[in-house]
file model_2.txt (compact mmCIF, C-alpha atoms)
# COMPACT_ATOMS: atom_id res chain seq x y z
CA MET A 21 -3.53 13.03 8.67
CA GLU A 22 0.26 13.11 8.65
CA ARG A 23 0.39 9.66 7.08
CA ARG A 24 -2.07 10.61 4.33
CA ASN A 25 -0.23 13.87 3.63
CA ARG A 26 3.04 12.01 3.20
CA LEU A 27 1.31 9.52 0.94
CA LYS A 28 -0.05 12.30 -1.28
CA LYS A 29 3.46 13.71 -1.71
CA GLU A 30 4.87 10.32 -2.62
CA VAL A 31 2.19 9.39 -5.16
CA ALA A 32 2.10 13.02 -6.46
CA LYS A 33 -0.97 12.96 -8.74
CA GLY A 34 -4.24 11.24 -9.57
CA LEU A 35 -6.51 9.46 -7.12
CA ILE A 36 -5.79 6.93 -4.40
CA LEU A 37 -8.52 4.36 -3.73
CA PHE A 38 -8.63 2.40 -0.48
CA LEU A 39 -11.15 -0.38 0.12
CA GLY A 40 -11.94 -1.23 3.71
CA ASN A 41 -12.93 -4.79 4.56
CA ASP A 42 -16.49 -6.05 4.84
CA GLU A 43 -17.78 -8.56 7.33
CA SER A 44 -17.36 -12.14 6.09
CA SER A 45 -19.91 -14.86 6.69
CA SER A 46 -18.84 -18.25 7.96
CA THR A 47 -21.78 -20.68 7.96
CA TYR A 48 -24.71 -18.42 6.99
CA PRO A 49 -25.11 -14.71 6.15
CA ASP A 50 -25.62 -13.38 9.67
CA ASN A 51 -22.93 -15.54 11.28
CA HIS A 52 -19.75 -13.56 10.74
CA TYR A 53 -16.10 -14.25 11.33
CA PRO A 54 -14.61 -11.71 13.76
CA PHE A 55 -14.20 -8.50 11.78
CA THR A 56 -10.67 -7.51 10.80
CA GLN A 57 -10.12 -4.20 9.06
CA ASP A 58 -7.69 -4.00 6.15
CA ALA A 59 -4.37 -3.04 7.72
CA SER A 60 -3.53 -0.26 5.25
CA PHE A 61 -7.00 1.22 5.61
CA LEU A 62 -6.56 1.12 9.37
CA TYR A 63 -3.09 2.65 9.11
CA PHE A 64 -4.21 5.66 7.06
CA TYR A 65 -7.71 6.18 8.49
CA GLY A 66 -7.97 4.50 11.89
CA LEU A 67 -11.60 3.55 11.19
CA ASP A 68 -12.16 0.09 12.59
CA PHE A 69 -15.57 -0.92 11.24
CA PRO A 70 -16.80 -2.59 8.06
CA SER A 71 -18.12 -1.50 4.66
CA LEU A 72 -16.03 1.60 4.00
CA ALA A 73 -14.04 2.95 1.09
CA ALA A 74 -11.94 6.07 0.75
CA VAL A 75 -10.63 8.25 -2.05
CA ILE A 76 -7.79 10.74 -1.90
CA ASP A 77 -8.00 13.15 -4.82
CA ILE A 78 -4.43 14.42 -4.83
CA ASP A 79 -4.90 16.95 -7.62
CA ASN A 80 -7.83 18.67 -5.90
CA ASP A 81 -6.58 18.10 -2.31
CA LEU A 82 -9.82 16.32 -1.40
CA GLU A 83 -10.27 13.34 0.92
CA ILE A 84 -13.60 11.47 1.06
CA VAL A 85 -14.70 8.43 3.04
CA PHE A 86 -17.64 6.50 1.61
CA GLY A 87 -19.98 4.52 3.85
CA ASP A 88 -23.58 4.29 4.98
CA ASP A 89 -25.07 5.27 8.32
CA PRO A 90 -26.78 2.36 10.10
CA THR A 91 -30.50 1.93 9.55
CA ILE A 92 -32.91 1.51 12.43
CA ASP A 93 -33.19 -2.18 11.56
CA GLN A 94 -29.43 -2.53 12.03
CA ILE A 95 -29.42 -0.49 15.24
CA VAL A 96 -31.95 -2.92 16.73
CA TRP A 97 -29.27 -5.61 16.52
CA THR A 98 -26.08 -3.62 16.99
CA GLY A 99 -27.06 -0.77 19.32
CA ARG A 100 -26.72 2.97 18.87
CA GLN A 101 -23.83 4.16 16.72
CA PHE A 102 -22.31 7.47 15.71
CA ALA A 103 -22.97 8.79 12.23
CA LEU A 104 -20.23 8.23 9.64
CA SER A 105 -19.40 11.94 9.56
CA GLU A 106 -18.83 11.95 13.33
CA LYS A 107 -16.62 8.86 13.19
CA CYS A 108 -14.55 10.38 10.38
CA GLN A 109 -13.91 13.66 12.17
CA VAL A 110 -11.53 11.97 14.60
CA ALA A 111 -9.46 10.84 11.61
CA GLY A 112 -9.35 14.37 10.19
CA ILE A 113 -11.84 13.61 7.40
CA ASN A 114 -14.40 16.33 6.73
CA HIS A 115 -16.02 14.91 3.60
CA THR A 116 -18.19 11.78 3.64
CA ALA A 117 -20.67 10.26 1.22
CA GLY A 118 -22.81 7.16 0.85
CA LEU A 119 -21.22 4.08 -0.69
CA SER A 120 -23.44 4.41 -3.75
CA ASN A 121 -21.59 7.61 -4.65
CA LEU A 122 -18.20 5.93 -4.97
CA ALA A 123 -18.80 4.51 -8.45
CA GLY A 124 -19.72 7.94 -9.85
CA VAL A 125 -16.57 9.58 -8.49
CA LEU A 126 -14.38 6.87 -10.01
CA LYS A 127 -16.17 6.81 -13.36
CA LYS A 128 -15.73 10.57 -13.68
CA ALA A 129 -11.99 10.16 -13.04
CA ILE A 130 -11.83 7.39 -15.65
CA ARG A 131 -13.57 9.60 -18.22
CA GLN A 132 -11.01 12.30 -17.49
CA LYS A 133 -8.26 9.69 -17.99
CA ARG A 134 -6.89 10.30 -14.52
CA LYS A 135 -4.75 7.69 -12.80
CA ILE A 136 -6.54 5.72 -10.07
CA ASN A 137 -4.01 4.12 -7.73
CA PHE A 138 -5.05 1.09 -5.70
CA LEU A 139 -3.37 -1.67 -3.70
CA PRO A 140 -3.50 -5.35 -4.74
CA PRO A 141 -6.52 -7.04 -3.12
CA TYR A 142 -6.24 -10.24 -1.08
CA ARG A 143 -9.99 -10.85 -0.71
CA ALA A 144 -12.14 -12.23 -3.52
CA GLU A 145 -14.92 -9.71 -2.90
CA HIS A 146 -12.47 -6.87 -3.52
CA LEU A 147 -11.54 -8.34 -6.88
CA ILE A 148 -15.22 -8.21 -7.80
CA LYS A 149 -15.60 -4.67 -6.43
CA LEU A 150 -12.62 -3.38 -8.37
CA GLU A 151 -13.88 -5.03 -11.53
CA LYS A 152 -17.22 -3.23 -11.16
CA LEU A 153 -15.79 0.10 -10.05
CA LEU A 154 -12.88 0.39 -12.48
CA GLY A 155 -13.91 -1.80 -15.40
CA ILE A 156 -10.84 -4.03 -15.02
CA HIS A 157 -11.42 -7.75 -15.47
CA HIS A 158 -10.79 -9.51 -12.17
CA SER A 159 -8.01 -11.60 -13.74
CA LYS A 160 -6.06 -8.41 -14.48
CA VAL A 161 -6.66 -6.48 -11.25
CA HIS A 162 -3.41 -7.48 -9.58
CA LYS A 163 -1.33 -6.54 -12.61
CA GLN A 164 -2.88 -3.06 -12.65
CA ALA A 165 -2.34 -2.34 -8.94
CA SER A 166 -0.21 0.76 -8.50
CA LYS A 167 3.44 -0.09 -7.91
CA LYS A 168 4.07 3.52 -6.93
CA LEU A 169 1.36 3.35 -4.25
CA ILE A 170 2.57 -0.03 -3.02
CA SER A 171 6.13 1.29 -2.65
CA ALA A 172 4.92 4.43 -0.87
CA VAL A 173 2.78 2.43 1.58
CA VAL A 174 5.60 -0.03 2.31
CA ALA A 175 8.08 2.81 2.88
CA GLN A 176 5.80 4.27 5.55
CA ARG A 177 4.53 1.14 7.24
CA GLU A 178 7.89 -0.64 7.50
CA ILE A 179 9.30 2.13 9.76
CA LYS A 180 7.46 1.93 13.06
CA SER A 181 6.80 5.10 15.04
CA PRO A 182 7.24 5.18 18.84
CA GLU A 183 3.46 4.86 19.20
CA GLU A 184 3.46 1.75 17.02
CA ILE A 185 6.36 0.21 18.92
CA ASP A 186 4.41 0.79 22.12
CA GLN A 187 1.43 -1.06 20.63
CA ILE A 188 3.63 -3.98 19.55
CA GLN A 189 5.11 -4.08 23.06
CA GLN A 190 1.60 -4.23 24.51
CA ALA A 191 0.84 -7.19 22.25
CA ILE A 192 4.09 -8.87 23.33
CA ASP A 193 3.26 -8.34 27.00
CA ILE A 194 -0.07 -10.13 26.52
CA SER A 195 1.73 -12.86 24.58
CA ARG A 196 4.15 -13.28 27.48
CA GLU A 197 1.22 -14.07 29.76
CA MET A 198 0.01 -16.59 27.17
CA GLN A 199 3.41 -18.25 26.93
CA LEU A 200 3.90 -18.45 30.70
CA ALA A 201 0.46 -19.99 31.13
CA ALA A 202 1.29 -22.55 28.43
CA PHE A 203 4.59 -23.43 30.12
CA ARG A 204 2.81 -24.12 33.40
CA ALA A 205 -0.22 -25.98 32.02
CA SER A 206 1.53 -28.21 29.46
CA LYS A 207 1.74 -31.54 31.24
CA PRO A 208 1.37 -35.22 30.42
CA GLY A 209 -2.30 -36.15 30.03
CA VAL A 210 -3.35 -32.69 28.80
CA TYR A 211 -4.70 -32.16 25.30
CA GLU A 212 -3.09 -29.55 23.08
CA ARG A 213 -6.50 -27.91 22.60
CA GLU A 214 -6.69 -27.16 26.32
CA ILE A 215 -3.53 -25.07 26.05
CA ALA A 216 -4.63 -23.35 22.84
CA GLY A 217 -7.96 -22.44 24.46
CA LEU A 218 -6.24 -21.21 27.62
CA MET A 219 -4.02 -18.85 25.62
CA GLU A 220 -6.84 -17.45 23.52
CA GLY A 221 -8.81 -16.74 26.68
CA ILE A 222 -5.89 -14.75 28.09
CA ALA A 223 -5.63 -12.68 24.90
CA ILE A 224 -9.32 -11.78 25.06
CA ALA A 225 -9.28 -11.14 28.81
CA LYS A 226 -6.36 -8.72 28.38
CA GLY A 227 -8.30 -6.62 25.87
CA GLY A 228 -6.82 -8.06 22.70
CA ARG A 229 -7.33 -11.15 20.60
CA LEU A 230 -5.17 -13.63 18.70
CA ALA A 231 -3.02 -12.08 15.99
CA PHE A 232 -3.12 -15.37 14.05
CA THR A 233 -4.26 -18.94 14.50
CA THR A 234 -2.16 -20.45 17.27
CA ILE A 235 0.33 -23.16 16.36
CA PHE A 236 0.59 -25.47 19.37
CA SER A 237 1.62 -29.03 18.70
CA VAL A 238 3.78 -31.93 19.81
CA HIS A 239 4.36 -32.37 16.07
CA GLY A 240 6.56 -29.31 15.81
CA GLU A 241 8.06 -30.62 12.59
CA THR A 242 4.88 -29.40 10.85
CA LEU A 243 5.76 -25.73 10.45
CA HIS A 244 2.20 -24.35 10.58
CA ASN A 245 0.20 -26.86 12.58
CA PRO A 246 -3.38 -25.86 13.54
CA PHE A 247 -4.30 -29.35 14.83
CA TYR A 248 -4.82 -29.48 18.60
CA ASN A 249 -6.19 -32.96 19.32
CA ASN A 250 -3.04 -34.73 20.48
CA LEU A 251 -2.87 -35.92 24.08
CA MET A 252 0.51 -34.77 25.37
CA GLN A 253 2.77 -37.37 26.92
CA ALA A 254 5.95 -37.25 29.00
CA GLY A 255 8.93 -36.92 26.70
CA ASN A 256 7.06 -34.92 24.05
CA MET A 257 8.05 -31.41 23.07
CA ALA A 258 5.39 -28.86 22.11
CA VAL A 259 6.11 -25.97 19.77
CA ASN A 260 4.08 -22.95 20.89
CA ASP A 261 3.95 -20.33 18.12
CA SER A 262 1.35 -17.79 19.22
CA GLY A 263 0.73 -14.10 19.59
CA ALA A 264 -1.81 -11.56 20.69
CA GLU A 265 -3.00 -8.35 19.09
CA SER A 266 -3.05 -5.09 20.99
CA SER A 267 -6.34 -3.20 21.26
CA LEU A 268 -5.29 -1.23 18.15
CA HIS A 269 -4.50 -4.46 16.26
CA TYR A 270 -0.71 -4.48 16.33
CA ALA A 271 0.63 -8.02 16.44
CA ALA A 272 3.10 -10.07 18.43
CA ASP A 273 4.59 -13.35 17.20
CA ILE A 274 6.46 -15.50 19.73
CA THR A 275 7.61 -19.12 19.65
CA ARG A 276 8.89 -21.24 22.48
CA THR A 277 9.40 -25.01 22.69
CA ILE A 278 8.11 -26.74 25.82
CA PRO A 279 9.31 -30.07 27.29
CA ILE A 280 6.25 -32.05 28.33
CA GLY A 281 7.04 -33.53 31.71
CA GLY A 282 9.28 -30.65 32.71
CA LYS A 283 12.65 -31.68 31.34
CA PHE A 284 14.28 -32.09 27.92
CA SER A 285 15.97 -35.40 27.17
CA ARG A 286 19.69 -35.31 26.43
CA THR A 287 19.05 -35.50 22.69
CA GLN A 288 16.32 -32.86 22.84
CA ALA A 289 18.57 -30.55 24.85
CA GLU A 290 21.41 -30.96 22.33
CA VAL A 291 19.20 -29.89 19.43
CA TYR A 292 17.51 -27.17 21.49
CA ASN A 293 20.87 -25.60 22.27
CA ILE A 294 21.78 -25.63 18.58
CA VAL A 295 18.63 -23.62 17.81
CA PHE A 296 19.19 -21.35 20.82
CA THR A 297 22.75 -20.56 19.67
CA ALA A 298 21.62 -19.91 16.10
CA GLN A 299 18.92 -17.54 17.27
CA LYS A 300 21.27 -15.71 19.62
CA LYS A 301 23.84 -15.14 16.86
CA ALA A 302 21.15 -14.07 14.38
CA ILE A 303 19.65 -11.55 16.82
CA GLU A 304 23.08 -10.14 17.63
CA ALA A 305 23.68 -9.60 13.89
CA VAL A 306 20.64 -7.34 13.53
CA LYS A 307 21.55 -3.69 12.91
CA PRO A 308 20.86 -0.95 10.35
CA GLY A 309 22.34 -1.57 6.92
CA VAL A 310 22.59 -5.35 7.31
CA GLU A 311 20.73 -7.40 4.72
CA PHE A 312 18.34 -9.70 6.55
CA ARG A 313 19.22 -12.53 4.17
CA GLN A 314 22.71 -12.40 5.71
CA VAL A 315 21.10 -12.80 9.13
CA HIS A 316 19.25 -15.80 7.71
CA LEU A 317 22.41 -17.33 6.26
CA LEU A 318 24.23 -16.82 9.56
CA ALA A 319 21.45 -18.73 11.30
CA CYS A 320 21.68 -21.49 8.67
CA ARG A 321 25.47 -21.75 9.04
CA THR A 322 25.21 -21.89 12.83
CA LEU A 323 22.52 -24.59 12.66
CA ALA A 324 24.67 -26.61 10.25
CA GLU A 325 27.68 -26.34 12.55
CA GLY A 326 25.66 -27.60 15.49
CA LEU A 327 24.20 -30.43 13.43
CA LYS A 328 27.70 -31.45 12.35
CA ASN A 329 28.81 -31.48 15.98
CA ILE A 330 26.17 -34.10 16.80
CA GLY A 331 26.84 -36.07 13.59
CA LEU A 332 23.78 -35.26 11.48
CA MET A 333 25.73 -33.19 8.94
CA LYS A 334 29.26 -33.55 7.62
CA GLY A 335 31.70 -32.13 5.09
CA ASN A 336 32.36 -28.50 4.18
CA LEU A 337 29.59 -26.54 5.86
CA ASP A 338 30.02 -23.39 3.78
CA ASP A 339 29.44 -25.45 0.64
CA ALA A 340 26.59 -27.34 2.31
CA VAL A 341 24.72 -24.15 3.20
CA ASP A 342 25.46 -22.56 -0.16
CA LYS A 343 23.94 -25.57 -1.94
CA GLY A 344 21.01 -25.85 0.50
CA ALA A 345 21.82 -29.16 2.19
CA HIS A 346 20.91 -27.73 5.60
CA ALA A 347 17.32 -27.30 4.35
CA LEU A 348 16.63 -30.93 5.23
CA PHE A 349 16.55 -29.61 8.80
CA PHE A 350 15.56 -25.93 8.31
CA GLN A 351 13.11 -25.50 5.46
CA CYS A 352 11.92 -21.92 5.94
CA GLY A 353 13.09 -18.35 6.45
CA THR A 354 14.51 -16.87 9.63
CA GLY A 355 11.95 -14.09 9.98
CA HIS A 356 9.60 -11.44 8.63
CA ASN A 357 8.32 -7.93 9.27
CA LEU A 358 5.88 -7.44 12.14
CA GLY A 359 3.27 -4.72 12.63
CA LEU A 360 -0.44 -4.38 11.93
CA ASP A 361 -0.17 -7.72 10.14
CA VAL A 362 1.69 -10.57 11.78
CA HIS A 363 3.44 -10.99 8.43
CA ASP A 364 3.40 -7.27 7.98
CA MET A 365 2.22 -6.01 4.57
CA GLU A 366 2.58 -9.45 3.00
CA GLY A 367 -0.66 -8.88 1.09
CA LEU A 368 1.07 -6.07 -0.82
CA GLY A 369 3.56 -8.54 -2.26
CA GLU A 370 6.78 -9.89 -0.77
CA GLU A 371 8.70 -8.57 -3.77
CA TYR A 372 7.96 -5.06 -2.45
CA VAL A 373 8.04 -5.75 1.29
CA GLY A 374 10.99 -8.10 1.60
CA TYR A 375 12.96 -7.64 -1.59
CA THR A 376 14.20 -4.88 -3.92
CA ASP A 377 15.18 -4.47 -7.55
CA THR A 378 18.70 -5.57 -6.64
CA ILE A 379 17.97 -8.05 -3.83
CA LYS A 380 16.02 -10.82 -5.54
CA ARG A 381 14.46 -13.98 -4.15
CA ASN A 382 16.65 -17.07 -4.32
CA PRO A 383 14.58 -19.95 -5.80
CA GLN A 384 16.54 -22.60 -3.87
CA PHE A 385 14.48 -24.80 -1.52
CA GLY A 386 14.54 -23.34 1.99
CA ILE A 387 15.80 -19.85 1.30
CA ARG A 388 13.03 -19.25 -1.22
CA SER A 389 10.67 -19.14 1.78
CA LEU A 390 12.57 -16.20 3.27
CA ARG A 391 9.99 -13.40 3.48
CA LEU A 392 12.47 -10.62 4.27
CA ALA A 393 15.87 -10.28 2.62
CA LYS A 394 16.55 -6.57 2.13
CA LYS A 395 18.61 -4.17 4.24
CA LEU A 396 17.32 -3.36 7.70
CA LEU A 397 16.52 0.21 8.71
CA PRO A 398 15.98 1.80 12.12
CA GLY A 399 12.33 1.36 13.01
CA PHE A 400 11.91 -2.08 11.44
CA VAL A 401 10.38 -4.68 13.75
CA VAL A 402 11.25 -8.20 12.63
CA THR A 403 10.98 -11.73 13.94
CA VAL A 404 14.05 -13.93 14.32
CA GLU A 405 12.96 -17.56 14.39
CA PRO A 406 15.38 -20.31 13.37
CA GLY A 407 14.40 -23.91 13.95
CA ILE A 408 15.22 -27.54 13.33
CA TYR A 409 12.49 -29.77 11.91
CA LEU A 410 12.78 -33.49 11.22
CA ILE A 411 10.06 -34.13 8.63
CA PRO A 412 9.77 -37.88 7.91
CA GLU A 413 8.38 -37.44 4.39
CA LEU A 414 11.17 -35.05 3.42
CA ILE A 415 13.81 -37.35 4.91
CA GLU A 416 12.42 -40.29 2.90
CA GLN A 417 12.44 -38.32 -0.34
CA TRP A 418 15.97 -36.95 0.03
CA LYS A 419 17.38 -40.25 1.28
CA ALA A 420 15.89 -42.17 -1.66
CA LYS A 421 17.55 -39.72 -4.05
CA LYS A 422 20.78 -39.70 -2.02
CA LYS A 423 20.46 -35.93 -2.13
CA PHE A 424 23.43 -34.11 -0.61
CA ALA A 425 24.78 -37.43 0.71
CA GLU A 426 28.20 -35.81 0.98
CA TYR A 427 26.80 -33.43 3.64
CA ILE A 428 24.09 -35.48 5.39
CA ASN A 429 24.58 -38.56 7.56
CA TYR A 430 21.38 -40.37 6.62
CA ASP A 431 22.09 -43.39 8.84
CA LEU A 432 22.03 -41.17 11.93
CA VAL A 433 19.17 -39.03 10.61
CA GLU A 434 17.02 -42.18 10.59
CA LYS A 435 17.36 -42.33 14.37
CA TYR A 436 15.85 -38.83 14.59
CA ARG A 437 12.88 -39.61 12.32
CA THR A 438 10.34 -39.17 15.15
CA PHE A 439 12.20 -36.32 16.87
CA GLY A 440 9.71 -33.59 15.89
CA GLY A 441 10.77 -29.97 15.75
CA ILE A 442 12.12 -27.04 17.76
CA ARG A 443 11.63 -23.34 17.06
CA LEU A 444 12.52 -20.21 19.03
CA GLU A 445 11.17 -16.81 17.96
CA ASP A 446 11.51 -13.29 19.31
CA ASP A 447 10.36 -9.87 18.10
CA ILE A 448 13.29 -7.53 17.43
CA LEU A 449 13.31 -3.75 16.96
CA VAL A 450 16.07 -2.36 14.74
CA THR A 451 17.49 0.69 16.53
CA GLU A 452 19.83 3.43 15.29
CA THR A 453 22.87 1.48 16.48
CA GLY A 454 21.74 -2.13 16.70
CA TYR A 455 18.71 -3.91 18.06
CA LYS A 456 16.38 -4.27 21.01
CA ASN A 457 14.75 -7.60 21.83
CA LEU A 458 11.18 -6.59 22.68
CA SER A 459 10.30 -10.09 23.93
CA ASP A 460 13.39 -10.92 26.00
CA ARG A 461 11.27 -11.24 29.18
CA ILE A 462 9.82 -14.50 27.86
CA PRO A 463 12.09 -17.35 29.06
CA SER A 464 14.01 -19.31 26.43
CA LYS A 465 17.14 -20.65 28.13
CA ILE A 466 16.84 -24.35 28.91
CA ASN A 467 17.22 -23.95 32.67
CA GLU A 468 14.60 -21.17 32.73
CA VAL A 469 12.13 -23.18 30.64
CA GLU A 470 12.58 -26.35 32.69
CA ALA A 471 12.22 -24.40 35.95
CA ILE A 472 8.76 -23.20 34.87
CA THR A 473 7.47 -26.38 33.23
CA GLY A 474 8.78 -28.56 36.04
CA LYS A 475 6.44 -26.99 38.58

call {"tool": "encode", "arguments": {"input": "model_2.txt", "output": "structure tokens"}}
result
Amino acid sequence: MERRNRLKKEVAKGLILFLGNDESSSTYPDNHYPFTQDASFLYFYGLDFPSLAAVIDIDNDLEIVFGDDPTIDQIVWTGRQFALSEKCQVAGINHTAGLSNLAGVLKKAIRQKRKINFLPPYRAEHLIKLEKLLGIHHSKVHKQASKKLISAVVAQREIKSPEEIDQIQQAIDISREMQLAAFRASKPGVYEREIAGLMEGIAIAKGGRLAFTTIFSVHGETLHNPFYNNLMQAGNMAVNDSGAESSLHYAADITRTIPIGGKFSRTQAEVYNIVFTAQKKAIEAVKPGVEFRQVHLLACRTLAEGLKNIGLMKGNLDDAVDKGAHALFFQCGTGHNLGLDVHDMEGLGEEYVGYTDTIKRNPQFGIRSLRLAKKLLPGFVVTVEPGIYLIPELIEQWKAKKKFAEYINYDLVEKYRTFGGIRLEDDILVTETGYKNLSDRIPSKINEVEAITGK
């Protein structure tokens, strides 16, 4: 109720339309993917079931949730359920109506030339719904989404309340159990899929579920790798980027890199320590008022310095980072917001979530993938996740073009062609005076990691 009241004050007039998610079929109509409620709908209503919509009539101070009570045919399959009106009472909603009534309410507002504010949809079925409900061609729906509503939602959701931080911590605690299990079970002769399945089982057993599709691979150079069919061998490294949801759907997002066989080689340890140092410096730079793109650039500069120390980069490092030469090794951003979405609010548009009118996206390769650049505020929860990735195809392309040859030692890079990748990621709360690492109980120092995986 407090969240909706604040939203009404921010938007000021007209109507606000929220569409909840429907169940989505996978292979045939009655075989559904696990249901996931729209995060903004969940944030403002707390109603975690499908086929709902809601309207806030600001001018008339009226809030209505639209949905249908289950039929007896549905109850046969799903069991007894509370009526919609009963479910809505716990969210402070006293007015409910069937879904068929939604179109009439919106058409009346359109006739009265009242503003209907809605968020940009990320599901195809919502494009179709909005076209039917509002008379906007689906190709123009995103352009007509309310910027004022988007900004108001982002301003609320990006600052996490103590209750939300507790939920994120619960998700991290489950994720810690997942990571520790992966450390112990990742051995030569084990398939990646065995570890991925083990971690998902822990998430479910602890009352949550996966916050996103697990990335677990000995090919850590592939940034988002959902392929689990490699048989792990001694000398491999596995990147484990995984996270659980809490029971109320707040996400964790943790990455650790695991030496298969229990010990990093000398070369692996050298590169690992470069990433570890870059992450440590980046985390220590987190505080209110700091632009996160500066945290990213600090991580890039630290990675470049480490790479120069082992001979992979050369020349003036400030110039190299400014021009993007380091992106041969670090092709993505250093982090993103975390909350009800693992990339929190990304569906609302990164230009609103991670950038501002004055802090614009840099189109340069590497930094253009930075999802969060704007100033940090107390209550933000962000990931900090630098990495080094040796991607053979990218190396071939840049080497053929002699791209940034003044900064990159391509002869030595060739020897690292099959190295793979290393990433370290923690979830960081921005406090009033600095930061708190919410996931610091998950081992990341080399000696700690080797002590667990060597057992």

call {"tool": "closest_residue", "arguments": {"input": "model_2.txt", "among": "A:Val96, A:Ala347, A:Leu444, A:Ala271", "to": "Ala302 of chain A", "atoms": "only C-alpha atoms"}}
result
A:Leu444

call {"tool": "residues_near_point", "arguments": {"input": "model_2.txt", "point": "(-11.8, 16.5, 2.2)", "cutoff": "10 Å", "atoms": "all atoms listed in the file", "output": "list in words"}}
result
Val75, Ile76, Asp77, Asn80, Asp81, Leu82, Glu83, Ile84, Val85, Gly112, Ile113, Asn114, His115 and Thr116 of chain A

call {"tool": "residues_around", "arguments": {"input": "model_2.txt", "residues": "Gly240 of chain A", "least_positions_apart": "2", "cutoff": "7 Å", "atoms": "all atoms listed in the file", "output": "list in words"}}
result
Ser237, Val238, Thr242, Leu243, Ala258, Val259, Gly440, Gly441 and Ile442 of chain A

call {"tool": "write_last_selection", "arguments": {"input": "model_2.txt", "atoms": "C-alpha atoms", "output": "JSON list (two decimals), in the coordinates of the input"}}
result
[["chain", "number", "residue", "atom", "x", "y", "z"],
["A", 237, "SER", "CA", 1.62, -29.03, 18.70],
["A", 238, "VAL", "CA", 3.78, -31.93, 19.81],
["A", 242, "THR", "CA", 4.88, -29.40, 10.85],
["A", 243, "LEU", "CA", 5.76, -25.73, 10.45],
["A", 258, "ALA", "CA", 5.39, -28.86, 22.11],
["A", 259, "VAL", "CA", 6.11, -25.97, 19.77],
["A", 440, "GLY", "CA", 9.71, -33.59, 15.89],
["A", 441, "GLY", "CA", 10.77, -29.97, 15.75],
["A", 442, "ILE", "CA", 12.12, -27.04, 17.76]]

call {"tool": "residues_around", "arguments": {"input": "model_2.txt", "residues": "Val291 of chain A", "least_positions_apart": "6", "cutoff": "8 Å", "atoms": "only C-alpha atoms", "output": "VMD selection string"}}
result
chain A and resid 326 to 327 408 442

call {"tool": "residues_around", "arguments": {"input": "model_2.txt", "residues": "Glu220 of chain A", "least_positions_apart": "6", "cutoff": "12 Å", "atoms": "only C-alpha atoms", "output": "MDAnalysis selection string"}}
result
chainID A and resid 194:195 197:199 201:202 213:214 226:236 262:265

call {"tool": "closest_residue", "arguments": {"input": "model_2.txt", "among": "A:Leu35, A:Leu392, A:Ile448, A:Ala345", "to": "Ala425 of chain A", "atoms": "only C-alpha atoms"}}
result
A:Ala345

call {"tool": "residues_around", "arguments": {"input": "model_2.txt", "residues": "Tyr53 of chain A", "least_positions_apart": "5", "cutoff": "10 Å", "atoms": "all atoms listed in the file", "output": "list in words"}}
result
Glu43, Ser44, Ser45, Ser46 and Thr47 of chain A

call {"tool": "closest_atom_pairs", "arguments": {"input": "model_2.txt", "of": "segment 380-475 of chain A", "to": "segment 357-374 of chain A", "cutoff": "7 Å", "atoms": "all atoms listed in the file", "output": "JSON lines"}}
result
{"residue": "A:Arg391", "atom": "CA", "partner": "A:Gly374", "partner_atom": "CA", "distance": 5.7}
{"residue": "A:Leu392", "atom": "CA", "partner": "A:Gly374", "partner_atom": "CA", "distance": 4.0}
{"residue": "A:Ala393", "atom": "CA", "partner": "A:Gly374", "partner_atom": "CA", "distance": 5.4}
{"residue": "A:Lys394", "atom": "CA", "partner": "A:Gly374", "partner_atom": "CA", "distance": 5.8}
{"residue": "A:Val401", "atom": "CA", "partner": "A:Leu358", "partner_atom": "CA", "distance": 5.5}
{"residue": "A:Val402", "atom": "CA", "partner": "A:Asn357", "partner_atom": "CA", "distance": 4.5}
{"residue": "A:Thr403", "atom": "CA", "partner": "A:Asn357", "partner_atom": "CA", "distance": 6.6}

call {"tool": "write_last_selection", "arguments": {"input": "model_2.txt", "atoms": "C-alpha atoms", "output": "short mmCIF file (atom, residue, chain, number, x, y, z; two decimals), keeping the file's coordinate frame"}}
result
data_model
loop_
_atom_site.label_atom_id
_atom_site.label_comp_id
_atom_site.auth_asym_id
_atom_site.auth_seq_id
_atom_site.Cartn_x
_atom_site.Cartn_y
_atom_site.Cartn_z
CA ARG A 391 9.99 -13.40 3.48
CA LEU A 392 12.47 -10.62 4.27
CA ALA A 393 15.87 -10.28 2.62
CA LYS A 394 16.55 -6.57 2.13
CA VAL A 401 10.38 -4.68 13.75
CA VAL A 402 11.25 -8.20 12.63
CA THR A 403 10.98 -11.73 13.94
#

call {"tool": "residues_around", "arguments": {"input": "model_2.txt", "residues": "segment 279-282 of chain A", "least_positions_apart": "5", "cutoff": "6 Å", "atoms": "all atoms listed in the file", "output": "PyMOL selection string"}}
result
chain A and resi 207+254-257+470+473-474

call {"tool": "atom_distance", "arguments": {"input": "model_2.txt", "atom1": "atom CA of Gly155 of chain A", "atom2": "atom CA of Leu126 of chain A"}}
result
10.2 Å

call {"tool": "axis_aligned_box", "arguments": {"input": "model_2.txt", "around": "segment 339-358 of chain A", "padding_each_side": "8 Å", "output": "AutoDock Vina command-line options"}}
result
--center_x 17.7 --center_y -19.2 --center_z 5.1 --size_x 39.6 --size_y 39.5 --size_z 30.1

call {"tool": "closest_residue", "arguments": {"input": "model_2.txt", "among": "A:Lys133, A:Gly118, A:Val161, A:Asp42", "to": "Glu145 of chain A", "atoms": "all atoms listed in the file"}}
result
A:Asp42

call {"tool": "atom_distance", "arguments": {"input": "model_2.txt", "atom1": "atom CA of Ser267 of chain A", "atom2": "atom CA of Phe86 of chain A"}}
result
24.7 Å
